[in-house]
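Undergrad: Dropping in input.cif, which is mmCIF, C-alpha atoms:
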```
data_model
#
loop_
_atom_site.group_PDB
_atom_site.id
_atom_site.type_symbol
_atom_site.label_atom_id
_atom_site.label_comp_id
_atom_site.auth_asym_id
_atom_site.auth_seq_id
_atom_site.Cartn_x
_atom_site.Cartn_y
_atom_site.Cartn_z
ATOM 1 C CA MET A 1 73.136 98.855 117.706
ATOM 2 C CA SER A 2 72.197 96.003 119.965
ATOM 3 C CA SER A 3 73.099 96.375 123.598
ATOM 4 C CA ASN A 4 73.939 92.696 123.640
ATOM 5 C CA LEU A 5 76.928 93.330 121.414
ATOM 6 C CA ILE A 6 80.018 94.663 123.116
ATOM 7 C CA LYS A 7 82.601 96.204 120.797
ATOM 8 C CA VAL A 8 86.118 95.404 121.866
ATOM 9 C CA ALA A 9 89.331 96.754 120.326
ATOM 10 C CA LEU A 10 92.606 94.881 120.778
ATOM 11 C CA ILE A 11 95.466 97.344 120.906
ATOM 12 C CA GLY A 12 99.117 96.950 121.759
ATOM 13 C CA ASN A 13 102.737 97.308 120.781
ATOM 14 C CA PRO A 14 103.908 95.306 117.776
ATOM 15 C CA ASN A 15 104.703 91.658 118.398
ATOM 16 C CA VAL A 16 103.049 91.185 121.802
ATOM 17 C CA GLY A 17 100.524 88.591 120.642
ATOM 18 C CA LYS A 18 97.391 90.592 119.928
ATOM 19 C CA THR A 19 96.381 88.262 117.126
ATOM 20 C CA SER A 20 96.989 85.219 119.334
ATOM 21 C CA VAL A 21 94.628 86.688 121.922
ATOM 22 C CA PHE A 22 92.192 87.471 119.114
ATOM 23 C CA ASN A 23 92.298 83.870 117.915
ATOM 24 C CA GLU A 24 91.746 82.576 121.453
ATOM 25 C CA LEU A 25 88.752 84.843 121.996
ATOM 26 C CA THR A 26 87.079 84.282 118.657
ATOM 27 C CA GLY A 27 88.111 80.761 117.773
ATOM 28 C CA LEU A 28 89.259 82.076 114.420
ATOM 29 C CA ASN A 29 92.610 81.321 112.933
ATOM 30 C CA GLN A 30 94.213 84.511 111.704
ATOM 31 C CA GLN A 31 97.794 84.309 110.648
ATOM 32 C CA VAL A 32 100.190 84.963 113.500
ATOM 33 C CA GLY A 33 103.931 85.264 113.347
ATOM 34 C CA ASN A 34 106.823 86.184 115.574
ATOM 35 C CA TYR A 35 107.733 89.359 113.792
ATOM 36 C CA PRO A 36 106.359 92.887 113.980
ATOM 37 C CA GLY A 37 104.105 94.308 111.296
ATOM 38 C CA ILE A 38 102.227 91.127 110.489
ATOM 39 C CA THR A 39 98.787 92.628 111.080
ATOM 40 C CA VAL A 40 98.375 95.713 108.910
ATOM 41 C CA GLU A 41 94.617 96.159 108.816
ATOM 42 C CA LYS A 42 91.604 95.840 111.087
ATOM 43 C CA LYS A 43 90.362 92.297 111.464
ATOM 44 C CA GLN A 44 87.223 91.371 113.316
ATOM 45 C CA GLY A 45 85.445 88.381 114.754
ATOM 46 C CA THR A 46 82.783 87.626 117.314
ATOM 47 C CA CYS A 47 83.114 86.004 120.679
ATOM 48 C CA LYS A 48 80.273 84.543 122.693
ATOM 49 C CA LEU A 49 80.659 85.736 126.279
ATOM 50 C CA TYR A 50 77.445 84.442 127.774
ATOM 51 C CA ASP A 51 74.324 82.915 126.357
ATOM 52 C CA VAL A 52 72.926 86.266 125.270
ATOM 53 C CA VAL A 53 75.944 88.528 125.122
ATOM 54 C CA LYS A 54 78.321 88.617 122.193
ATOM 55 C CA ALA A 55 81.446 90.647 121.715
ATOM 56 C CA LYS A 56 82.714 91.990 118.441
ATOM 57 C CA ILE A 57 86.477 91.784 118.670
ATOM 58 C CA ILE A 58 88.566 94.086 116.475
ATOM 59 C CA ASP A 59 92.206 93.188 116.034
ATOM 60 C CA LEU A 60 94.364 96.200 115.209
ATOM 61 C CA PRO A 61 97.915 96.611 113.919
ATOM 62 C CA GLY A 62 100.602 97.056 116.564
ATOM 63 C CA THR A 63 101.635 100.563 117.517
ATOM 64 C CA TYR A 64 104.017 102.013 120.062
ATOM 65 C CA SER A 65 101.918 105.087 120.725
ATOM 66 C CA LEU A 66 99.099 107.207 119.416
ATOM 67 C CA ASN A 67 101.588 109.409 117.592
ATOM 68 C CA ALA A 68 101.566 107.504 114.326
ATOM 69 C CA SER A 69 104.573 107.320 112.084
ATOM 70 C CA SER A 70 103.272 104.799 109.554
ATOM 71 C CA ILE A 71 100.047 104.020 107.726
ATOM 72 C CA ASP A 72 99.203 100.897 109.723
ATOM 73 C CA GLU A 73 99.659 102.809 112.970
ATOM 74 C CA ASN A 74 97.281 105.401 111.583
ATOM 75 C CA VAL A 75 94.536 102.743 111.369
ATOM 76 C CA VAL A 76 94.595 102.557 115.156
ATOM 77 C CA ILE A 77 94.431 106.306 115.677
ATOM 78 C CA GLU A 78 91.661 106.876 113.167
ATOM 79 C CA LEU A 79 89.555 104.315 115.024
ATOM 80 C CA MET A 80 90.352 105.308 118.597
ATOM 81 C CA LEU A 81 89.812 109.015 118.025
ATOM 82 C CA ASN A 82 86.642 108.782 115.972
ATOM 83 C CA LYS A 83 83.688 108.321 118.271
ATOM 84 C CA LYS A 84 81.344 108.115 115.316
ATOM 85 C CA ASP A 85 83.135 105.178 113.727
ATOM 86 C CA GLU A 86 80.851 102.141 113.722
ATOM 87 C CA ASP A 87 83.693 100.115 115.215
ATOM 88 C CA PHE A 88 84.475 102.638 117.962
ATOM 89 C CA PRO A 89 85.027 100.336 120.936
ATOM 90 C CA ASP A 90 82.986 100.135 124.115
ATOM 91 C CA VAL A 91 86.049 98.763 125.775
ATOM 92 C CA ALA A 92 89.704 98.784 124.775
ATOM 93 C CA VAL A 93 91.894 95.815 125.575
ATOM 94 C CA VAL A 94 95.534 96.854 125.644
ATOM 95 C CA VAL A 95 97.705 93.803 125.133
ATOM 96 C CA THR A 96 101.213 93.872 126.573
ATOM 97 C CA GLU A 97 103.767 91.236 127.373
ATOM 98 C CA VAL A 98 105.696 90.514 130.543
ATOM 99 C CA GLU A 99 109.173 91.262 129.258
ATOM 100 C CA ASN A 100 108.613 94.759 127.906
ATOM 101 C CA LEU A 101 105.794 95.844 130.186
ATOM 102 C CA LYS A 102 107.341 99.200 131.013
ATOM 103 C CA ARG A 103 107.616 100.271 127.384
ATOM 104 C CA ASN A 104 104.103 98.946 126.679
ATOM 105 C CA LEU A 105 102.516 101.049 129.406
ATOM 106 C CA LEU A 106 102.969 104.283 127.435
ATOM 107 C CA LEU A 107 100.348 103.157 124.949
ATOM 108 C CA PHE A 108 98.128 101.953 127.777
ATOM 109 C CA THR A 109 98.140 105.357 129.465
ATOM 110 C CA GLN A 110 97.430 107.074 126.140
ATOM 111 C CA ILE A 111 94.388 104.888 125.520
ATOM 112 C CA LYS A 112 93.233 105.375 129.107
ATOM 113 C CA ASP A 113 93.529 109.139 128.685
ATOM 114 C CA LEU A 114 90.889 108.899 125.941
ATOM 115 C CA GLU A 115 88.461 108.006 128.757
ATOM 116 C CA ILE A 116 87.528 104.685 127.201
ATOM 117 C CA PRO A 117 87.175 101.725 129.620
ATOM 118 C CA THR A 118 90.523 99.981 129.261
ATOM 119 C CA ILE A 119 91.557 96.490 130.297
ATOM 120 C CA LEU A 120 95.243 95.701 130.575
ATOM 121 C CA VAL A 121 96.211 92.254 129.341
ATOM 122 C CA ILE A 122 99.673 91.003 130.189
ATOM 123 C CA ASN A 123 100.421 88.235 127.734
ATOM 124 C CA MET A 124 103.131 85.554 127.731
ATOM 125 C CA ALA A 125 102.700 84.974 131.465
ATOM 126 C CA ASP A 126 104.121 81.481 131.032
ATOM 127 C CA ARG A 127 107.526 83.087 130.437
ATOM 128 C CA MET A 128 107.574 84.934 133.789
ATOM 129 C CA LYS A 129 109.080 82.115 135.795
ATOM 130 C CA LEU A 130 111.682 81.416 133.147
ATOM 131 C CA LYS A 131 112.738 85.062 133.046
ATOM 132 C CA GLY A 132 112.535 85.547 136.824
ATOM 133 C CA ILE A 133 109.872 88.245 136.565
ATOM 134 C CA GLU A 134 107.385 88.906 139.346
ATOM 135 C CA LEU A 135 104.423 91.239 139.098
ATOM 136 C CA ASP A 136 102.375 92.721 141.925
ATOM 137 C CA ILE A 137 99.031 92.736 140.118
ATOM 138 C CA PRO A 138 96.926 94.377 142.907
ATOM 139 C CA VAL A 139 99.364 97.322 143.132
ATOM 140 C CA LEU A 140 99.443 97.689 139.338
ATOM 141 C CA GLU A 141 95.656 97.612 139.189
ATOM 142 C CA LYS A 142 95.441 100.323 141.817
ATOM 143 C CA GLU A 143 98.062 102.582 140.224
ATOM 144 C CA LEU A 144 96.741 102.184 136.688
ATOM 145 C CA LYS A 145 93.080 102.364 137.789
ATOM 146 C CA THR A 146 92.064 99.335 135.784
ATOM 147 C CA LYS A 147 91.690 95.573 135.845
ATOM 148 C CA ILE A 148 94.542 93.378 134.716
ATOM 149 C CA ALA A 149 94.284 89.968 133.080
ATOM 150 C CA LEU A 150 97.482 87.962 133.288
ATOM 151 C CA ILE A 151 97.210 85.506 130.442
ATOM 152 C CA SER A 152 99.152 83.154 128.258
ATOM 153 C CA SER A 153 97.590 82.773 124.845
ATOM 154 C CA ARG A 154 100.038 79.992 124.028
ATOM 155 C CA LYS A 155 99.078 77.918 127.073
ATOM 156 C CA LYS A 156 95.465 79.168 126.974
ATOM 157 C CA ILE A 157 95.581 80.450 130.552
ATOM 158 C CA GLY A 158 93.475 83.371 131.758
ATOM 159 C CA ILE A 159 91.260 83.699 128.664
ATOM 160 C CA ASP A 160 88.075 83.058 130.662
ATOM 161 C CA TYR A 161 89.002 85.770 133.160
ATOM 162 C CA LEU A 162 89.548 88.186 130.270
ATOM 163 C CA LYS A 163 86.104 87.320 128.921
ATOM 164 C CA ASP A 164 84.616 88.080 132.357
ATOM 165 C CA LEU A 165 86.352 91.466 132.406
ATOM 166 C CA ILE A 166 85.046 92.319 128.934
ATOM 167 C CA LEU A 167 81.551 91.308 130.006
ATOM 168 C CA ASN A 168 81.721 93.617 133.020
ATOM 169 C CA TYR A 169 83.439 96.511 131.264
ATOM 170 C CA ASN A 170 80.928 98.959 132.739
ATOM 171 C CA ALA A 171 82.529 98.473 136.136
ATOM 172 C CA LEU A 172 85.892 99.767 134.896
ATOM 173 C CA SER A 173 87.083 103.228 135.832
ATOM 174 C CA THR A 174 87.374 105.670 132.927
ATOM 175 C CA GLU A 175 89.438 108.113 134.918
ATOM 176 C CA PRO A 176 92.412 109.227 132.804
ATOM 177 C CA CYS A 177 95.943 108.552 134.034
ATOM 178 C CA LEU A 178 96.811 112.173 133.476
ATOM 179 C CA ASN A 179 94.335 114.983 133.096
ATOM 180 C CA ALA A 180 96.352 117.319 130.922
ATOM 181 C CA SER A 181 93.626 119.942 130.731
ATOM 182 C CA SER A 182 94.236 120.870 134.378
ATOM 183 C CA ILE A 183 97.463 122.551 133.256
ATOM 184 C CA ASP A 184 95.562 125.388 131.619
ATOM 185 C CA PRO A 185 91.792 125.093 132.209
ATOM 186 C CA ASP A 186 90.933 128.336 130.360
ATOM 187 C CA TYR A 187 92.685 127.308 127.193
ATOM 188 C CA PHE A 188 91.135 123.853 127.154
ATOM 189 C CA ASN A 189 87.662 125.136 127.954
ATOM 190 C CA ASN A 190 87.890 127.507 124.980
ATOM 191 C CA LEU A 191 89.062 124.665 122.799
ATOM 192 C CA ARG A 192 86.149 122.550 123.950
ATOM 193 C CA ARG A 193 83.698 125.347 123.179
ATOM 194 C CA ALA A 194 85.112 125.947 119.709
ATOM 195 C CA PHE A 195 84.995 122.289 118.683
ATOM 196 C CA PRO A 196 82.210 120.715 120.755
ATOM 197 C CA ASN A 197 81.968 117.634 118.542
ATOM 198 C CA GLN A 198 85.589 116.611 118.811
ATOM 199 C CA LEU A 199 87.487 114.792 121.508
ATOM 200 C CA LEU A 200 89.711 117.169 123.406
ATOM 201 C CA TYR A 201 92.585 114.731 123.218
ATOM 202 C CA LYS A 202 92.246 114.546 119.452
ATOM 203 C CA LEU A 203 92.350 118.328 119.118
ATOM 204 C CA TRP A 204 95.401 118.442 121.304
ATOM 205 C CA LEU A 205 97.100 115.800 119.152
ATOM 206 C CA VAL A 206 96.321 117.766 116.000
ATOM 207 C CA ILE A 207 97.681 120.976 117.484
ATOM 208 C CA THR A 208 100.843 119.572 118.995
ATOM 209 C CA GLN A 209 101.735 116.713 116.658
ATOM 210 C CA ASP A 210 102.057 116.465 112.943
ATOM 211 C CA VAL A 211 98.961 114.325 112.436
ATOM 212 C CA ASN A 212 95.978 114.856 110.217
ATOM 213 C CA PHE A 213 92.492 113.422 110.422
ATOM 214 C CA LEU A 214 90.065 112.998 107.585
ATOM 215 C CA ASN A 215 87.555 115.625 108.598
ATOM 216 C CA LEU A 216 89.678 117.891 110.705
ATOM 217 C CA ASP A 217 91.795 120.602 109.181
ATOM 218 C CA ARG A 218 94.972 121.164 111.093
ATOM 219 C CA ASN A 219 95.592 124.690 109.857
ATOM 220 C CA GLU A 220 92.093 125.803 110.752
ATOM 221 C CA ILE A 221 92.555 124.745 114.355
ATOM 222 C CA LYS A 222 96.078 126.046 114.572
ATOM 223 C CA SER A 223 95.160 129.487 113.263
ATOM 224 C CA SER A 224 92.607 130.040 116.016
ATOM 225 C CA PHE A 225 94.491 128.231 118.765
ATOM 226 C CA THR A 226 98.168 128.890 119.083
ATOM 227 C CA ILE A 227 100.094 126.764 121.510
ATOM 228 C CA PRO A 228 100.735 128.399 124.868
ATOM 229 C CA ILE A 229 104.234 127.765 126.083
ATOM 230 C CA MET B 230 130.229 113.281 135.912
ATOM 231 C CA ASN B 231 127.864 115.279 133.721
ATOM 232 C CA THR B 232 128.274 114.738 129.987
ATOM 233 C CA ASN B 233 126.322 113.514 126.976
ATOM 234 C CA SER B 234 125.709 110.001 125.725
ATOM 235 C CA SER B 235 128.218 110.234 122.857
ATOM 236 C CA ALA B 236 130.992 110.267 125.466
ATOM 237 C CA LEU B 237 130.200 106.788 126.811
ATOM 238 C CA LYS B 238 132.652 103.944 126.287
ATOM 239 C CA ILE B 239 131.470 100.503 125.184
ATOM 240 C CA GLY B 240 129.874 98.718 128.141
ATOM 241 C CA GLU B 241 129.464 101.858 130.227
ATOM 242 C CA THR B 242 126.071 102.661 131.739
ATOM 243 C CA ALA B 243 124.713 106.068 132.681
ATOM 244 C CA THR B 244 121.490 107.676 133.805
ATOM 245 C CA ILE B 245 119.815 110.119 131.446
ATOM 246 C CA THR B 246 119.480 113.535 133.091
ATOM 247 C CA ALA B 247 117.964 115.578 130.261
ATOM 248 C CA VAL B 248 117.070 115.329 126.577
ATOM 249 C CA ASN B 249 116.837 118.094 124.010
ATOM 250 C CA LEU B 250 113.194 117.777 123.020
ATOM 251 C CA ASP B 251 113.686 119.810 119.833
ATOM 252 C CA GLU B 252 116.319 117.477 118.428
ATOM 253 C CA ILE B 253 115.370 114.025 119.735
ATOM 254 C CA PRO B 254 112.778 112.229 117.567
ATOM 255 C CA LEU B 255 109.476 111.445 119.282
ATOM 256 C CA LYS B 256 109.918 107.745 118.578
ATOM 257 C CA LEU B 257 113.020 107.677 120.763
ATOM 258 C CA LEU B 258 111.165 109.324 123.642
ATOM 259 C CA GLU B 259 108.340 106.811 123.291
ATOM 260 C CA MET B 260 110.823 103.985 123.600
ATOM 261 C CA GLY B 261 111.975 105.348 126.949
ATOM 262 C CA CYS B 262 114.811 107.732 126.158
ATOM 263 C CA LEU B 263 113.747 109.955 129.046
ATOM 264 C CA PRO B 264 115.382 111.494 132.130
ATOM 265 C CA GLY B 265 115.841 108.934 134.899
ATOM 266 C CA ASN B 266 116.212 105.929 132.607
ATOM 267 C CA LYS B 267 119.421 103.966 132.059
ATOM 268 C CA ILE B 268 121.469 104.107 128.879
ATOM 269 C CA THR B 269 124.285 101.692 127.976
ATOM 270 C CA LEU B 270 126.600 101.904 124.970
ATOM 271 C CA LEU B 271 126.721 98.463 123.356
ATOM 272 C CA GLN B 272 128.599 98.937 120.090
ATOM 273 C CA VAL B 273 130.125 101.601 117.900
ATOM 274 C CA ALA B 274 129.859 101.325 114.113
ATOM 275 C CA PRO B 275 132.993 101.619 111.938
ATOM 276 C CA PHE B 276 134.161 105.250 111.673
ATOM 277 C CA GLY B 277 132.541 105.906 115.055
ATOM 278 C CA ASP B 278 128.983 106.641 113.926
ATOM 279 C CA PRO B 279 126.220 105.607 114.611
ATOM 280 C CA LEU B 280 126.269 104.422 118.221
ATOM 281 C CA TYR B 281 124.339 101.371 119.338
ATOM 282 C CA PHE B 282 122.649 101.843 122.722
ATOM 283 C CA ASN B 283 120.466 99.945 125.127
ATOM 284 C CA VAL B 284 117.972 102.549 126.332
ATOM 285 C CA ASN B 285 115.368 101.370 128.812
ATOM 286 C CA ASP B 286 115.761 97.803 127.471
ATOM 287 C CA SER B 287 115.221 98.898 123.875
ATOM 288 C CA HIS B 288 118.173 98.514 121.533
ATOM 289 C CA VAL B 289 118.606 101.496 119.244
ATOM 290 C CA ALA B 290 121.289 102.871 116.923
ATOM 291 C CA ILE B 291 121.595 106.652 117.164
ATOM 292 C CA ARG B 292 123.756 109.121 115.229
ATOM 293 C CA VAL B 293 126.489 110.806 117.249
ATOM 294 C CA GLU B 294 124.822 114.124 116.424
ATOM 295 C CA THR B 295 121.600 112.947 118.111
ATOM 296 C CA ALA B 296 123.415 111.211 120.971
ATOM 297 C CA LYS B 297 125.001 114.545 121.900
ATOM 298 C CA GLU B 298 121.523 115.876 122.689
ATOM 299 C CA ILE B 299 121.065 113.273 125.453
ATOM 300 C CA SER B 300 122.629 114.515 128.690
ATOM 301 C CA ILE B 301 123.750 111.845 131.104
ATOM 302 C CA LEU B 302 125.246 111.286 134.523
ATOM 303 C CA LYS B 303 127.705 108.393 134.514
ATOM 304 C CA ASP B 304 127.167 105.639 137.082
ATOM 305 C CA ASN B 305 130.170 104.881 139.227
#
```
Would you give me this structure, written as structure tokens?

TA:
Amino acid sequence: MSSNLIKVALIGNPNVGKTSVFNELTGLNQQVGNYPGITVEKKQGTCKLYDVVKAKIIDLPGTYSLNASSIDENVVIELMLNKKDEDFPDVAVVVTEVENLKRNLLLFTQIKDLEIPTILVINMADRMKLKGIELDIPVLEKELKTKIALISSRKKIGIDYLKDLILNYNALSTEPCLNASSIDPDYFNNLRRAFPNQLLYKLWLVITQDVNFLNLDRNEIKSSFTIPI
Amino acid sequence: MNTNSSALKIGETATITAVNLDEIPLKLLEMGCLPGNKITLLQVAPFGDPLYFNVNDSHVAIRVETAKEISILKDN
């Protein structure tokens, strides 16, 4: 892997304009449409950030959370929870839109809890004035411990700033929004010892939710780790 | 007044006080059906079921059976 290639994953709720952002970054022309479920597989393209640095942009299907309920949502989870995947991102770009920001932030916090550098993109900024929405970006950045790019992929505003943020992804905080393991340190330390090669968050998902991963047997984990309530 | 969301009248808004986590689907929680958020009854289907709500700016149709598991405090 070349260090001059930054892997970027575009993640977000359905119908927020991930593919539009993807097209702006890569100069490609993937099909976009104003209805959810239009992107159902991973798509990728490259974006030249500086003379020597390139980014590999991966466009993912929309999902409301990491608790998948359909096959295309599963694409996102399989990628984000598999550190060994060749497309596992160096930096995640969570795309949201101004009107439904609150609902979108659930997914953002889930991605951030994976301890991946995460940039928050707020798309459709051109609609803010029309809808009478105001955002206090510095406060949001402080509370969410990240950098925010307010962009409009339709009007092509803010794309360069987003590219700068991707370029400097190392400066982003990877502190999770919520450190769930502090609830019961003993339990989580045991879990970590038993499955040293797996992400703690992934194990927790497997134990508490009805999800399955390719190389991780749910029953095996559950039999040795019952859920403390 | 403490009650559940199936008791709302069309146009009435309330604040969610508690949800029965065993009965409410995860998807609904993800969309913001959580204590502290607002819930408004928008429409009722013929024969009174399902109920069409605005929860946290998401529009969802919920069975009466499920709506009963969402405790609310009516706004006055």

Undergrad: Which one is closest to Leu199 of chain A: A:Glu143, A:Glu86, A:Asp113, A:Asp160? Count all atoms listed in the file.

TA: A:Asp113

Undergrad: Find the spatial neighbours of segment 5-13 of chain A, counting all atoms listed in the file, within a cut-off of 7 Å - ignore same-chain residues fewer than 4 positions away - and output them as a VMD selection string.

TA: chain A and resid 18 53 to 60 62 to 64 87 89 to 96 104

Undergrad: Per residue of chain B within 9 Å of chain A, record the nearest atom pair and its distance in Å to one decimal, counting all atoms listed in the file, with rows in chain order and ascending residue number, as a Markdown table.

TA:
```
| residue | atom | partner | partner_atom | distance |
| --- | --- | --- | --- | --- |
| B:Leu255 | CA | A:Asn67 | CA | 8.3 |
| B:Lys256 | CA | A:Tyr64 | CA | 8.4 |
| B:Glu259 | CA | A:Ser65 | CA | 7.1 |
| B:Met260 | CA | A:Arg103 | CA | 6.2 |
| B:Gly261 | CA | A:Arg103 | CA | 6.7 |
| B:Asn285 | CA | A:Arg103 | CA | 8.0 |
| B:Asp286 | CA | A:Asn100 | CA | 7.8 |
| B:Ser287 | CA | A:Arg103 | CA | 8.5 |
```

Undergrad: Work out how far apart atom CA of Gly17 of chain A and atom CA of Pro138 of chain A are and give it in Å to one decimal.

TA: 23.3 Å

Undergrad: For Ile137 of chain A, which of A:Val98, A:Lys83, A:Tyr169, A:Asn4 is the closest residue, counting all atoms listed in the file?

TA: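 For Ile137 of chain A, the nearest of the given residues is A:Val98.
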
Undergrad: Looking at B:Glu241, B:Ile253, B:Ile301, B:Val248, which one is nearest to Asn283 of chain B, with distances taken over only C-alpha atoms?

TA: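 Closest to Asn283 of chain B of all the choices is B:Glu241.
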
Undergrad: Quick one: distance from atom CA of Asn231 of chain B to atom CA of Leu302 of chain B in Å, one decimal?

TA: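 For atom CA of Asn231 of chain B relative to atom CA of Leu302 of chain B, the distance reads 4.8 Å.
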
Undergrad: What's the separation between atom CA of Thr242 of chain B and atom CA of Ile268 of chain B, in Å to one decimal place?

TA: 5.6 Å

Undergrad: Can you tell me which residues surround segment 270-280 of chain B at a distance of at most 9 Å, considering only C-alpha atoms, apart from same-chain residues fewer than 2 positions away, and format the answer as a list in words?

TA: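 Once the nearby chain positions are removed, what remains is Ser234, Ser235, Leu237, Lys238, Ile239, Gly240, Glu241, Thr242, Ala243, Ile268, Phe282, Asn283, Val284, His288, Val289, Ala290, Ile291, Arg292, Val293, Glu294 and Ala296 of chain B.
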
Undergrad: From the options A:Leu162, A:Val139, A:Val21, A:Leu205, which residue's atoms come nearest to Leu120 of chain A, counting all atoms listed in the file?

TA: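 Going through A:Leu162, A:Val139, A:Val21, A:Leu205 one by one, the smallest distance to Leu120 of chain A is for A:Leu162.
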
Undergrad: Which of these residues is nearest to Asp164 of chain A, using all atoms listed in the file: A:Lys43, A:Lys48, A:Lys202, A:Lys129?

TA: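 Nearest candidate to Asp164 of chain A out of A:Lys43, A:Lys48, A:Lys202, A:Lys129: A:Lys48.
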
Undergrad: Output segment 86-101 of chain A as a PDB file, in the frame of the given file, making sure N, CA and C atoms are there.

TA:
```pdb
ATOM      1  N   GLU A  86      81.747 103.232 113.300  1.00  0.00           N
ATOM      2  CA  GLU A  86      80.851 102.141 113.722  1.00  0.00           C
ATOM      3  C   GLU A  86      81.601 101.105 114.571  1.00  0.00           C
ATOM      4  N   ASP A  87      82.918 101.067 114.428  1.00  0.00           N
ATOM      5  CA  ASP A  87      83.693 100.115 115.215  1.00  0.00           C
ATOM      6  C   ASP A  87      84.274 100.726 116.487  1.00  0.00           C
ATOM      7  N   PHE A  88      83.930 101.994 116.762  1.00  0.00           N
ATOM      8  CA  PHE A  88      84.475 102.638 117.962  1.00  0.00           C
ATOM      9  C   PHE A  88      84.177 101.771 119.191  1.00  0.00           C
ATOM     10  N   PRO A  89      85.221 101.363 119.916  1.00  0.00           N
ATOM     11  CA  PRO A  89      85.027 100.336 120.936  1.00  0.00           C
ATOM     12  C   PRO A  89      84.306 100.810 122.197  1.00  0.00           C
ATOM     13  N   ASP A  90      83.540  99.897 122.787  1.00  0.00           N
ATOM     14  CA  ASP A  90      82.986 100.135 124.115  1.00  0.00           C
ATOM     15  C   ASP A  90      84.078  99.954 125.157  1.00  0.00           C
ATOM     16  N   VAL A  91      84.962  99.043 124.849  1.00  0.00           N
ATOM     17  CA  VAL A  91      86.049  98.763 125.775  1.00  0.00           C
ATOM     18  C   VAL A  91      87.315  98.458 124.981  1.00  0.00           C
ATOM     19  N   ALA A  92      88.425  99.038 125.437  1.00  0.00           N
ATOM     20  CA  ALA A  92      89.704  98.784 124.775  1.00  0.00           C
ATOM     21  C   ALA A  92      90.477  97.757 125.583  1.00  0.00           C
ATOM     22  N   VAL A  93      91.042  96.792 124.909  1.00  0.00           N
ATOM     23  CA  VAL A  93      91.894  95.815 125.575  1.00  0.00           C
ATOM     24  C   VAL A  93      93.321  96.075 125.104  1.00  0.00           C
ATOM     25  N   VAL A  94      94.148  96.588 126.000  1.00  0.00           N
ATOM     26  CA  VAL A  94      95.534  96.854 125.644  1.00  0.00           C
ATOM     27  C   VAL A  94      96.353  95.614 125.977  1.00  0.00           C
ATOM     28  N   VAL A  95      96.927  95.025 124.950  1.00  0.00           N
ATOM     29  CA  VAL A  95      97.705  93.803 125.133  1.00  0.00           C
ATOM     30  C   VAL A  95      99.173  94.171 125.288  1.00  0.00           C
ATOM     31  N   THR A  96      99.783  93.653 126.342  1.00  0.00           N
ATOM     32  CA  THR A  96     101.213  93.872 126.573  1.00  0.00           C
ATOM     33  C   THR A  96     101.840  92.528 126.882  1.00  0.00           C
ATOM     34  N   GLU A  97     103.142  92.500 126.999  1.00  0.00           N
ATOM     35  CA  GLU A  97     103.767  91.236 127.373  1.00  0.00           C
ATOM     36  C   GLU A  97     104.727  91.456 128.532  1.00  0.00           C
ATOM     37  N   VAL A  98     104.988  90.385 129.275  1.00  0.00           N
ATOM     38  CA  VAL A  98     105.696  90.514 130.543  1.00  0.00           C
ATOM     39  C   VAL A  98     107.077  91.149 130.408  1.00  0.00           C
ATOM     40  N   GLU A  99     107.779  90.842 129.318  1.00  0.00           N
ATOM     41  CA  GLU A  99     109.173  91.262 129.258  1.00  0.00           C
ATOM     42  C   GLU A  99     109.362  92.752 129.003  1.00  0.00           C
ATOM     43  N   ASN A 100     108.456  93.343 128.229  1.00  0.00           N
ATOM     44  CA  ASN A 100     108.613  94.759 127.906  1.00  0.00           C
ATOM     45  C   ASN A 100     107.458  95.587 128.436  1.00  0.00           C
ATOM     46  N   LEU A 101     106.992  95.210 129.627  1.00  0.00           N
ATOM     47  CA  LEU A 101     105.794  95.844 130.186  1.00  0.00           C
ATOM     48  C   LEU A 101     105.954  97.356 130.300  1.00  0.00           C
TER      49      LEU A 101
END
```
